[in-house]
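K.L.:
File follows, data-v1.tsv with TSV, C-alpha atoms:
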```tsv
chain	number	residue	atom	x	y	z
A	1	MET	CA	0.00	0.00	0.00
A	2	LEU	CA	1.39	3.36	-1.03
A	3	LEU	CA	0.59	5.86	1.69
A	4	PRO	CA	0.06	9.49	0.67
A	5	LEU	CA	2.43	12.14	1.94
A	6	GLU	CA	1.41	13.36	5.37
A	7	ASP	CA	1.59	17.05	4.40
A	8	LEU	CA	0.79	19.15	1.36
A	9	PHE	CA	2.91	22.13	0.34
A	10	ASN	CA	0.55	24.55	2.08
A	11	ASP	CA	0.86	22.53	5.30
A	12	VAL	CA	4.61	23.09	5.08
A	13	ILE	CA	4.07	26.84	4.64
A	14	ALA	CA	1.68	26.99	7.59
A	15	LYS	CA	4.01	25.01	9.88
A	16	SER	CA	6.93	27.26	9.05
A	17	MET	CA	4.93	30.46	9.57
A	18	ARG	CA	3.61	29.25	12.92
A	19	GLY	CA	7.01	28.06	14.02
A	20	LEU	CA	8.77	31.28	13.09
A	21	GLY	CA	5.94	33.49	14.33
A	22	ILE	CA	5.51	35.16	10.94
A	23	THR	CA	2.15	36.67	9.93
A	24	ASP	CA	0.84	37.07	6.40
A	25	ALA	CA	1.63	40.79	6.59
A	26	ASP	CA	5.18	40.09	7.83
A	27	LEU	CA	5.81	37.65	5.03
A	28	ALA	CA	4.41	40.02	2.42
A	29	ALA	CA	6.68	42.82	3.60
A	30	ARG	CA	9.76	40.59	3.51
A	31	SER	CA	9.09	38.70	0.28
A	32	GLY	CA	7.36	41.18	-1.98
A	33	ALA	CA	4.42	38.81	-2.47
A	34	SER	CA	1.01	40.29	-1.71
A	35	VAL	CA	-0.98	39.40	1.39
A	36	GLU	CA	-3.66	38.03	-0.93
A	37	ASP	CA	-1.16	35.80	-2.74
A	38	ILE	CA	0.14	34.47	0.56
A	39	ALA	CA	-3.36	33.72	1.82
A	40	ALA	CA	-4.09	31.94	-1.46
A	41	ALA	CA	-0.92	29.83	-1.15
A	42	LYS	CA	-1.89	28.85	2.39
A	43	SER	CA	-5.25	27.77	1.02
A	44	GLY	CA	-3.61	25.53	-1.57
A	45	LYS	CA	-3.32	27.69	-4.69
A	46	VAL	CA	-0.24	26.76	-6.69
A	47	ASP	CA	1.70	29.76	-7.97
A	48	ASP	CA	5.36	28.94	-8.56
A	49	LEU	CA	6.49	32.56	-8.48
A	50	VAL	CA	4.81	33.21	-5.13
A	51	LEU	CA	6.24	30.01	-3.64
A	52	ARG	CA	9.76	30.88	-4.77
A	53	LYS	CA	9.39	34.39	-3.33
A	54	ILE	CA	8.23	33.33	0.11
A	55	ALA	CA	10.32	30.17	0.60
A	56	PRO	CA	13.64	31.81	1.65
A	57	HIS	CA	11.87	33.99	4.21
A	58	LEU	CA	10.36	30.87	5.76
A	59	GLN	CA	13.77	29.13	5.77
A	60	LEU	CA	12.43	26.68	3.19
A	61	GLU	CA	14.00	25.49	-0.05
A	62	GLY	CA	11.97	26.88	-2.94
A	63	LEU	CA	12.42	24.19	-5.59
A	64	SER	CA	11.41	21.44	-3.16
A	65	LEU	CA	8.36	23.43	-2.12
A	66	VAL	CA	7.34	23.92	-5.76
A	67	ALA	CA	7.88	20.21	-6.46
A	68	MET	CA	5.54	19.39	-3.55
A	69	ALA	CA	2.93	21.76	-4.92
A	70	HIS	CA	2.97	19.93	-8.26
A	71	ASN	CA	3.07	16.45	-6.67
A	72	GLU	CA	6.32	15.77	-8.50
A	73	TRP	CA	7.97	13.65	-5.82
A	74	ARG	CA	7.27	10.86	-3.43
A	75	PRO	CA	9.82	8.55	-1.77
A	76	ILE	CA	10.85	5.32	-3.45
A	77	PRO	CA	8.93	2.47	-1.76
A	78	VAL	CA	10.94	0.91	1.06
A	79	ASN	CA	11.20	-2.86	1.39
A	80	VAL	CA	13.60	-4.13	4.06
A	81	SER	CA	13.51	-7.70	5.30
A	82	GLY	CA	12.83	-7.61	9.02
A	83	LEU	CA	10.90	-4.32	8.97
A	84	GLU	CA	7.12	-3.95	8.74
A	85	GLN	CA	4.95	-0.83	8.85
A	86	PHE	CA	1.41	-0.94	10.26
A	87	ASN	CA	-0.97	1.87	9.31
A	88	THR	CA	-4.26	2.24	11.21
A	89	MET	CA	-7.10	4.75	11.30
A	90	TYR	CA	-7.31	7.32	14.08
A	91	HIS	CA	-10.38	9.54	13.68
A	92	ASP	CA	-9.96	11.18	10.25
A	93	MET	CA	-6.27	10.37	9.79
A	94	THR	CA	-3.94	7.39	9.84
A	95	VAL	CA	-0.98	6.64	12.10
A	96	ASN	CA	1.98	4.28	11.81
A	97	ALA	CA	3.54	1.73	14.12
A	98	TYR	CA	6.51	-0.52	13.30
A	99	LEU	CA	7.86	-3.97	13.97
A	100	VAL	CA	11.51	-4.93	13.56
A	101	TRP	CA	12.70	-8.52	13.94
A	102	ASP	CA	15.74	-10.77	13.60
A	103	ALA	CA	15.12	-13.65	11.19
A	104	GLU	CA	17.41	-16.09	13.00
A	105	THR	CA	16.31	-15.58	16.60
A	106	LYS	CA	12.68	-14.66	15.74
A	107	ASN	CA	13.06	-11.83	18.26
A	108	ALA	CA	10.84	-8.83	17.51
A	109	VAL	CA	10.73	-5.26	18.82
A	110	ALA	CA	7.75	-2.92	18.34
A	111	PHE	CA	7.72	0.85	18.10
A	112	ASP	CA	4.45	2.53	19.07
A	113	THR	CA	1.07	0.83	18.69
A	114	GLY	CA	-0.94	3.00	16.36
A	115	ALA	CA	-4.68	3.19	16.92
A	116	ASP	CA	-5.16	-0.58	16.69
A	117	ALA	CA	-2.45	-3.13	17.43
A	118	THR	CA	-4.46	-6.06	16.05
A	119	PRO	CA	-2.73	-6.14	12.62
A	120	MET	CA	0.69	-6.16	14.30
A	121	ILE	CA	-0.33	-8.89	16.76
A	122	ASN	CA	-1.69	-11.02	13.91
A	123	PHE	CA	1.53	-10.51	11.95
A	124	ILE	CA	3.64	-11.55	14.96
A	125	GLN	CA	1.60	-14.72	15.37
A	126	LYS	CA	1.66	-15.55	11.66
A	127	LYS	CA	5.46	-15.16	11.49
A	128	GLY	CA	6.05	-17.06	14.73
A	129	LEU	CA	7.87	-14.12	16.30
A	130	ASN	CA	8.50	-13.34	19.95
A	131	LEU	CA	7.75	-9.74	20.90
A	132	SER	CA	10.38	-8.86	23.49
A	133	LEU	CA	10.24	-5.07	23.84
A	134	ILE	CA	8.07	-2.09	22.95
A	135	PHE	CA	9.49	1.41	22.54
A	136	LEU	CA	7.44	4.62	22.40
A	137	THR	CA	8.59	7.48	20.19
A	138	HIS	CA	6.30	9.85	22.11
A	139	THR	CA	3.04	9.58	23.98
A	140	HIS	CA	0.50	11.46	21.87
A	141	PRO	CA	-2.72	9.39	21.99
A	142	ASP	CA	-2.71	8.24	18.36
A	143	HIS	CA	0.66	6.52	18.87
A	144	ILE	CA	-0.07	4.63	22.09
A	145	LEU	CA	-3.80	4.01	21.96
A	146	ASP	CA	-3.54	0.21	21.97
A	147	LEU	CA	-0.60	-0.20	24.34
A	148	ALA	CA	-2.40	-2.43	26.83
A	149	LYS	CA	-3.31	-4.91	24.08
A	150	LEU	CA	0.12	-4.96	22.43
A	151	SER	CA	1.95	-5.36	25.74
A	152	ALA	CA	-0.54	-8.00	26.89
A	153	ASP	CA	-1.37	-5.82	29.89
A	154	GLY	CA	2.27	-5.39	30.87
A	155	ALA	CA	3.66	-8.82	29.98
A	156	VAL	CA	5.96	-7.18	27.40
A	157	THR	CA	8.30	-4.47	28.72
A	158	VAL	CA	7.57	-0.98	27.40
A	159	PHE	CA	10.02	1.94	27.41
A	160	ALA	CA	9.30	5.68	27.15
A	161	HIS	CA	11.41	8.76	27.78
A	162	GLU	CA	11.15	10.18	31.29
A	163	LYS	CA	9.82	13.49	29.99
A	164	GLU	CA	6.76	11.66	28.68
A	165	PRO	CA	5.82	9.04	31.27
A	166	CYS	CA	3.09	6.66	30.26
A	167	PRO	CA	1.04	4.19	32.34
A	168	GLY	CA	2.48	0.73	31.82
A	169	ALA	CA	5.87	1.96	30.57
A	170	LYS	CA	9.29	2.11	32.20
A	171	THR	CA	10.97	5.48	31.76
A	172	PHE	CA	14.58	6.02	30.77
A	173	GLN	CA	17.05	8.89	30.73
A	174	LEU	CA	19.29	9.33	27.73
A	175	SER	CA	22.18	10.01	30.08
A	176	ASP	CA	22.12	6.53	31.59
A	177	THR	CA	20.28	4.24	29.16
A	178	GLU	CA	21.02	4.92	25.53
A	179	ALA	CA	21.08	1.46	23.94
A	180	TRP	CA	19.52	-1.97	24.20
A	181	GLU	CA	20.65	-5.30	22.77
A	182	SER	CA	17.79	-7.66	21.98
A	183	GLY	CA	18.05	-10.91	20.04
A	184	GLY	CA	20.32	-9.79	17.23
A	185	LEU	CA	19.08	-6.20	17.21
A	186	ARG	CA	20.64	-3.09	18.69
A	187	ILE	CA	18.43	-0.11	19.52
A	188	GLU	CA	19.85	3.32	20.31
A	189	ALA	CA	17.74	6.20	21.61
A	190	ARG	CA	18.35	9.76	20.40
A	191	SER	CA	16.51	12.88	21.52
A	192	THR	CA	14.49	14.50	18.73
A	193	TRP	CA	12.23	16.64	20.86
A	194	GLY	CA	10.39	19.74	19.73
A	195	HIS	CA	7.20	18.21	18.41
A	196	SER	CA	6.76	16.72	21.88
A	197	LYS	CA	8.64	17.12	25.16
A	198	GLY	CA	10.32	13.74	25.11
A	199	GLY	CA	10.31	12.81	21.44
A	200	ILE	CA	12.75	9.99	20.70
A	201	THR	CA	14.25	8.61	17.51
A	202	TYR	CA	15.31	4.98	17.78
A	203	LEU	CA	18.23	3.88	15.62
A	204	VAL	CA	18.03	0.17	14.88
A	205	SER	CA	20.93	-1.89	13.56
A	206	GLY	CA	21.06	-5.57	12.75
A	207	LEU	CA	19.12	-5.51	9.47
A	208	LYS	CA	20.38	-5.00	5.90
A	209	HIS	CA	19.87	-1.24	6.20
A	210	PRO	CA	20.09	1.03	9.24
A	211	ILE	CA	16.66	2.03	10.48
A	212	ALA	CA	15.50	5.24	12.20
A	213	ILE	CA	12.10	5.10	13.87
A	214	VAL	CA	11.41	8.83	14.18
A	215	GLY	CA	7.82	9.20	15.38
A	216	ASP	CA	6.53	12.64	14.44
A	217	ALA	CA	9.95	14.29	14.34
A	218	LEU	CA	10.14	13.99	10.56
A	219	PHE	CA	7.82	13.06	7.69
A	220	ALA	CA	8.54	12.44	4.02
A	221	SER	CA	9.14	15.98	2.65
A	222	SER	CA	7.92	17.56	5.90
A	223	MET	CA	8.21	17.36	9.69
A	224	GLY	CA	6.03	17.32	12.76
A	225	GLY	CA	4.77	20.67	13.92
A	226	GLY	CA	7.04	22.20	16.55
A	227	MET	CA	4.29	22.05	19.15
A	228	VAL	CA	6.77	22.46	22.01
A	229	SER	CA	9.67	24.16	20.22
A	230	TYR	CA	9.93	24.64	16.47
A	231	ALA	CA	13.59	25.66	16.67
A	232	ASP	CA	14.51	22.56	18.68
A	233	ALA	CA	12.46	20.31	16.41
A	234	LEU	CA	14.55	21.50	13.46
A	235	ALA	CA	17.83	21.37	15.39
A	236	THR	CA	17.42	17.91	16.88
A	237	ASN	CA	16.42	16.47	13.50
A	238	ARG	CA	19.55	17.95	12.01
A	239	LYS	CA	21.71	16.59	14.81
A	240	GLU	CA	20.29	13.11	15.21
A	241	ILE	CA	18.60	12.14	11.93
A	242	PHE	CA	20.35	13.96	9.11
A	243	THR	CA	23.77	12.89	10.39
A	244	GLN	CA	22.88	9.24	9.77
A	245	PRO	CA	24.02	7.48	6.56
A	246	ASP	CA	22.01	8.35	3.46
A	247	ASN	CA	20.69	4.78	3.15
A	248	THR	CA	19.12	4.94	6.62
A	249	VAL	CA	15.43	4.09	6.34
A	250	ILE	CA	13.25	6.70	8.06
A	251	CYS	CA	10.08	5.32	9.62
A	252	PRO	CA	7.77	8.25	10.44
A	253	GLY	CA	4.66	8.30	12.59
A	254	HIS	CA	2.53	9.36	9.60
A	255	GLY	CA	2.88	8.91	5.86
A	256	PRO	CA	5.28	6.74	3.85
A	257	MET	CA	8.72	5.55	4.81
A	258	THR	CA	11.64	7.36	3.23
A	259	THR	CA	15.43	7.61	3.60
A	260	VAL	CA	17.89	10.16	4.90
A	261	GLY	CA	19.26	10.66	1.39
A	262	GLU	CA	15.84	11.32	-0.11
A	263	GLU	CA	14.96	13.80	2.64
A	264	LYS	CA	18.21	15.67	2.10
A	265	ALA	CA	17.25	16.02	-1.56
A	266	HIS	CA	13.52	16.74	-1.23
A	267	ASN	CA	12.54	18.05	2.22
A	268	PRO	CA	11.90	21.84	2.02
A	269	PHE	CA	12.63	22.34	5.73
A	270	TYR	CA	16.32	21.50	5.25
A	271	PRO	CA	17.64	23.74	2.44
A	272	GLU	CA	21.29	23.28	3.40
A	273	PHE	CA	21.40	19.83	1.82
A	274	LYS	CA	20.13	20.88	-1.62
```
Rewrite the structure of this file - the entire thing - as structure tokens.

P.N.:
Amino acid sequence: MLLPLEDLFNDVIAKSMRGLGITDADLAARSGASVEDIAAAKSGKVDDLVLRKIAPHLQLEGLSLVAMAHNEWRPIPVNVSGLEQFNTMYHDMTVNAYLVWDAETKNAVAFDTGADATPMINFIQKKGLNLSLIFLTHTHPDHILDLAKLSADGAVTVFAHEKEPCPGAKTFQLSDTEAWESGGLRIEARSTWGHSKGGITYLVSGLKHPIAIVGDALFASSMGGGMVSYADALATNRKEIFTQPDNTVICPGHGPMTTVGEEKAHNPFYPEFK
């Protein structure tokens, strides 16, 4: 199943304006585009000239923004043995959860639950896997809604960052618990906060490609809204995600999987890589 991109080009514009605290009038004064043109762009009107004018003043890369507006790019489908994405409905949107497993040991590790853990549980049973650990990228309701079912009411150990404690989960501090070894897999926790207080990216090694389970820190050609701190959301993504190898598979909380290399080339929020 090919998931649509989580955000449209006008979502990117709106997130940047909110994060930077820029009004339509501010942006018009800086860019030379009219207030009316900016309002139209935010409503979804595609005008390449307007988009190129406003992009630099929103710290966005113009060509990538225009490409989004024309639906000219989507990430190449990701298929890695030992990695499965589960996409479930939450109200009027969908949310992702992930399972990673070692083929030899049959050991599996889950990341988030999505709105309904039933598809993941069925997959685990069908493959004959043993779910040993569950990690939470953050504790917004859509990502942890079915935690009790997936953990079998606490039979499977669950970890969450101490800044986002969750009933049924053990908390950890990055200063004293940064990595776990589990049945042929290694999981490292990195702080990518900004969208949420304790947002975590989990770097998984042991498969053919390195994996980054990023929650809502980053989406294909976009990023989570900086609900806590827009500046820190950008900065921690740069520090912890974009420094990974280009072939690292990015597993976001919404939308399709992508890679570090593709996001460097196509994500408007990170113009320095273009």

K.L.:
How would you write as a list in words the residues that get within 7 Å of (8.7, 28.8, -1.6) in the file's frame, counting only C-alpha atoms?

P.N.:
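Answer for this query, in the requested form: Val50, Leu51, Arg52, Lys53, Ile54, Ala55, Pro56, Leu60, Glu61, Gly62, Leu65 and Val66 of chain A.
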
K.L.:
Using all atoms listed in the file, give me every residue within 12 Å of (2.7, -6.3, 28.0) in file coordinates, as a list in words.

P.N.:
Ala110, Thr113, Ile121, Leu131, Ser132, Leu133, Ile134, Phe135, Asp146, Leu147, Ala148, Lys149, Leu150, Ser151, Ala152, Asp153, Gly154, Ala155, Val156, Thr157, Val158, Phe159, Pro167, Gly168, Ala169 and Lys170 of chain A

K.L.:
What is the distance between atom CA of A:Phe273 and atom CA of A:Leu174, in Å to one decimal?

P.N.:
28.0 Å

K.L.:
Atom CA of A:Ala179 to atom CA of A:Ile241: how many Å, to one decimal?

P.N.:
16.3 Å

K.L.:
Set the distance at 6 Å and use only C-alpha atoms: which residues neighbour A:Phe86 once local chain neighbours fewer than 5 positions away are removed? I'd like the list as a ChimeraX atom specification.

P.N.:
/A:96-98

K.L.:
With distances taken over all atoms listed in the file, which of A:Ala233, A:Met227, A:Ala217, A:Ala212 is nearest to A:Asp246?

P.N.:
A:Ala212

K.L.:
Excluding same-chain residues fewer than 5 positions from A:Gly114, what lies within 10 Å of it counting only C-alpha atoms, as number ranges by chain?

P.N.:
A: 86-90, 94-98, 120, 141-147, 253-254

K.L.:
If you keep C-alpha atoms, can you produce a file of those selected residues as a PDB file, keeping the file's coordinate frame?

P.N.:
```pdb
ATOM      1  CA  PHE A  86       1.410  -0.940  10.260  1.00  0.00           C
ATOM      2  CA  ASN A  87      -0.970   1.870   9.310  1.00  0.00           C
ATOM      3  CA  THR A  88      -4.260   2.240  11.210  1.00  0.00           C
ATOM      4  CA  MET A  89      -7.100   4.750  11.300  1.00  0.00           C
ATOM      5  CA  TYR A  90      -7.310   7.320  14.080  1.00  0.00           C
ATOM      6  CA  THR A  94      -3.940   7.390   9.840  1.00  0.00           C
ATOM      7  CA  VAL A  95      -0.980   6.640  12.100  1.00  0.00           C
ATOM      8  CA  ASN A  96       1.980   4.280  11.810  1.00  0.00           C
ATOM      9  CA  ALA A  97       3.540   1.730  14.120  1.00  0.00           C
ATOM     10  CA  TYR A  98       6.510  -0.520  13.300  1.00  0.00           C
ATOM     11  CA  MET A 120       0.690  -6.160  14.300  1.00  0.00           C
ATOM     12  CA  PRO A 141      -2.720   9.390  21.990  1.00  0.00           C
ATOM     13  CA  ASP A 142      -2.710   8.240  18.360  1.00  0.00           C
ATOM     14  CA  HIS A 143       0.660   6.520  18.870  1.00  0.00           C
ATOM     15  CA  ILE A 144      -0.070   4.630  22.090  1.00  0.00           C
ATOM     16  CA  LEU A 145      -3.800   4.010  21.960  1.00  0.00           C
ATOM     17  CA  ASP A 146      -3.540   0.210  21.970  1.00  0.00           C
ATOM     18  CA  LEU A 147      -0.600  -0.200  24.340  1.00  0.00           C
ATOM     19  CA  GLY A 253       4.660   8.300  12.590  1.00  0.00           C
ATOM     20  CA  HIS A 254       2.530   9.360   9.600  1.00  0.00           C
TER      21      HIS A 254
END
```

K.L.:
Quick one: of A:Leu3, A:Ala103, A:Leu218, A:Ile213, who's nearest to A:Thr137, counting all atoms listed in the file?

P.N.:
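Using all atoms listed in the file, A:Thr137 sits closest to A:Ile213.
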
K.L.:
What is the distance between atom CA of A:Lys106 and atom CA of A:Pro210, in Å to one decimal?

P.N.:
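Computing the Euclidean distance for atom CA of A:Lys106 and atom CA of A:Pro210 yields 18.5 Å.
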
K.L.:
Between A:Ser205, A:Gln59, A:Ser43, A:Asn122, which residue has the minimum interatomic distance to A:Leu27, considering all atoms listed in the file?

P.N.:
A:Gln59

K.L.:
Which of these, A:Glu181, A:Pro75, A:Ala231, A:Ile187, has the shortest distance to A:Lys264 once you count only C-alpha atoms?

P.N.:
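Distance minimum relative to A:Lys264 lands on A:Pro75.
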
K.L.:
Nearest to A:Ser31 among A:Ile76, A:Ala160, A:Leu58, A:Ala115, with distances taken over all atoms listed in the file: which residue is it?

P.N.:
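Ranking A:Ile76, A:Ala160, A:Leu58, A:Ala115 by distance to A:Ser31, first place goes to A:Leu58.
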
K.L.:
Produce the centre coordinates and the three edge lengths, each in Å to one decimal, of the box along x, y and z that contains all listed atoms of stretch 247-250 of chain A with 5 Å added on each side, as AutoDock Vina command-line options.

P.N.:
```
--center_x 17.0 --center_y 5.4 --center_z 5.6 --size_x 17.4 --size_y 12.6 --size_z 14.9
```

K.L.:
With only C-alpha atoms as the atoms that count, which of A:Pro268, A:Pro256, A:Gly82, A:Gly19 lies nearest to A:His209?

P.N.:
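Smallest distance to A:His209 is found for A:Gly82.
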
K.L.:
For A:Leu234, please output as number ranges by chain all residues within 9 Å (counting only C-alpha atoms; exclusion window: fewer than 4 positions along the same chain).

P.N.:
A: 192, 194, 217, 223, 226, 229-230, 238-239, 269-270

K.L.:
Restore N, CA and C atoms in stretch 60-94 of chain A and list the result as a CSV table (one decimal), keeping the file's coordinate frame.

P.N.:
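Saved as out_30.csv:
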```csv
chain,number,residue,atom,x,y,z
A,60,LEU,N,12.8,27.9,4.0
A,60,LEU,CA,12.4,26.7,3.2
A,60,LEU,C,13.2,26.7,1.9
A,61,GLU,N,13.3,25.6,1.3
A,61,GLU,CA,14.0,25.5,0.0
A,61,GLU,C,12.9,25.6,-1.1
A,62,GLY,N,13.0,26.6,-2.0
A,62,GLY,CA,12.0,26.9,-2.9
A,62,GLY,C,11.7,25.8,-4.0
A,63,LEU,N,12.7,25.2,-4.6
A,63,LEU,CA,12.4,24.2,-5.6
A,63,LEU,C,11.7,23.0,-5.0
A,64,SER,N,12.1,22.6,-3.8
A,64,SER,CA,11.4,21.4,-3.2
A,64,SER,C,10.0,21.8,-2.8
A,65,LEU,N,9.7,23.0,-2.4
A,65,LEU,CA,8.4,23.4,-2.1
A,65,LEU,C,7.5,23.4,-3.4
A,66,VAL,N,8.1,23.9,-4.5
A,66,VAL,CA,7.3,23.9,-5.8
A,66,VAL,C,7.1,22.5,-6.2
A,67,ALA,N,8.1,21.6,-6.1
A,67,ALA,CA,7.9,20.2,-6.5
A,67,ALA,C,6.7,19.6,-5.7
A,68,MET,N,6.6,19.9,-4.4
A,68,MET,CA,5.5,19.4,-3.6
A,68,MET,C,4.2,19.9,-4.1
A,69,ALA,N,4.2,21.2,-4.4
A,69,ALA,CA,2.9,21.8,-4.9
A,69,ALA,C,2.4,21.1,-6.2
A,70,HIS,N,3.3,20.6,-7.0
A,70,HIS,CA,3.0,19.9,-8.3
A,70,HIS,C,3.0,18.4,-8.1
A,71,ASN,N,3.1,17.9,-6.9
A,71,ASN,CA,3.1,16.4,-6.7
A,71,ASN,C,4.1,15.7,-7.5
A,72,GLU,N,5.3,16.3,-7.6
A,72,GLU,CA,6.3,15.8,-8.5
A,72,GLU,C,7.2,14.7,-7.8
A,73,TRP,N,7.1,14.6,-6.5
A,73,TRP,CA,8.0,13.6,-5.8
A,73,TRP,C,7.2,12.9,-4.7
A,74,ARG,N,7.6,11.6,-4.6
A,74,ARG,CA,7.3,10.9,-3.4
A,74,ARG,C,8.4,9.9,-3.2
A,75,PRO,N,8.7,9.4,-2.0
A,75,PRO,CA,9.8,8.6,-1.8
A,75,PRO,C,9.7,7.2,-2.5
A,76,ILE,N,10.8,6.7,-2.9
A,76,ILE,CA,10.8,5.3,-3.4
A,76,ILE,C,10.3,4.3,-2.4
A,77,PRO,N,9.4,3.4,-2.8
A,77,PRO,CA,8.9,2.5,-1.8
A,77,PRO,C,10.1,1.7,-1.1
A,78,VAL,N,9.9,1.6,0.2
A,78,VAL,CA,10.9,0.9,1.1
A,78,VAL,C,10.5,-0.5,1.3
A,79,ASN,N,11.5,-1.4,1.1
A,79,ASN,CA,11.2,-2.9,1.4
A,79,ASN,C,12.5,-3.5,2.0
A,80,VAL,N,12.5,-3.6,3.3
A,80,VAL,CA,13.6,-4.1,4.1
A,80,VAL,C,13.2,-5.4,4.8
A,81,SER,N,13.8,-6.5,4.6
A,81,SER,CA,13.5,-7.7,5.3
A,81,SER,C,13.7,-7.5,6.8
A,82,GLY,N,12.7,-7.8,7.6
A,82,GLY,CA,12.8,-7.6,9.0
A,82,GLY,C,12.2,-6.3,9.5
A,83,LEU,N,11.6,-5.6,8.6
A,83,LEU,CA,10.9,-4.3,9.0
A,83,LEU,C,9.5,-4.3,8.4
A,84,GLU,N,8.5,-4.0,9.2
A,84,GLU,CA,7.1,-4.0,8.7
A,84,GLU,C,6.4,-2.7,9.3
A,85,GLN,N,5.7,-2.0,8.5
A,85,GLN,CA,5.0,-0.8,8.8
A,85,GLN,C,3.5,-1.2,9.0
A,86,PHE,N,2.8,-0.7,10.0
A,86,PHE,CA,1.4,-0.9,10.3
A,86,PHE,C,0.7,0.4,10.3
A,87,ASN,N,-0.3,0.6,9.5
A,87,ASN,CA,-1.0,1.9,9.3
A,87,ASN,C,-2.4,1.7,9.7
A,88,THR,N,-2.9,2.4,10.7
A,88,THR,CA,-4.3,2.2,11.2
A,88,THR,C,-5.0,3.6,11.3
A,89,MET,N,-6.3,3.5,11.3
A,89,MET,CA,-7.1,4.8,11.3
A,89,MET,C,-7.2,5.3,12.7
A,90,TYR,N,-7.1,6.6,12.8
A,90,TYR,CA,-7.3,7.3,14.1
A,90,TYR,C,-8.2,8.5,13.7
A,91,HIS,N,-9.4,8.5,14.1
A,91,HIS,CA,-10.4,9.5,13.7
A,91,HIS,C,-10.3,9.7,12.2
A,92,ASP,N,-10.0,10.9,11.7
A,92,ASP,CA,-10.0,11.2,10.2
A,92,ASP,C,-8.6,11.1,9.6
A,93,MET,N,-7.6,10.5,10.3
A,93,MET,CA,-6.3,10.4,9.8
A,93,MET,C,-5.8,9.0,10.1
A,94,THR,N,-4.6,8.7,9.6
A,94,THR,CA,-3.9,7.4,9.8
A,94,THR,C,-2.6,7.6,10.6
```
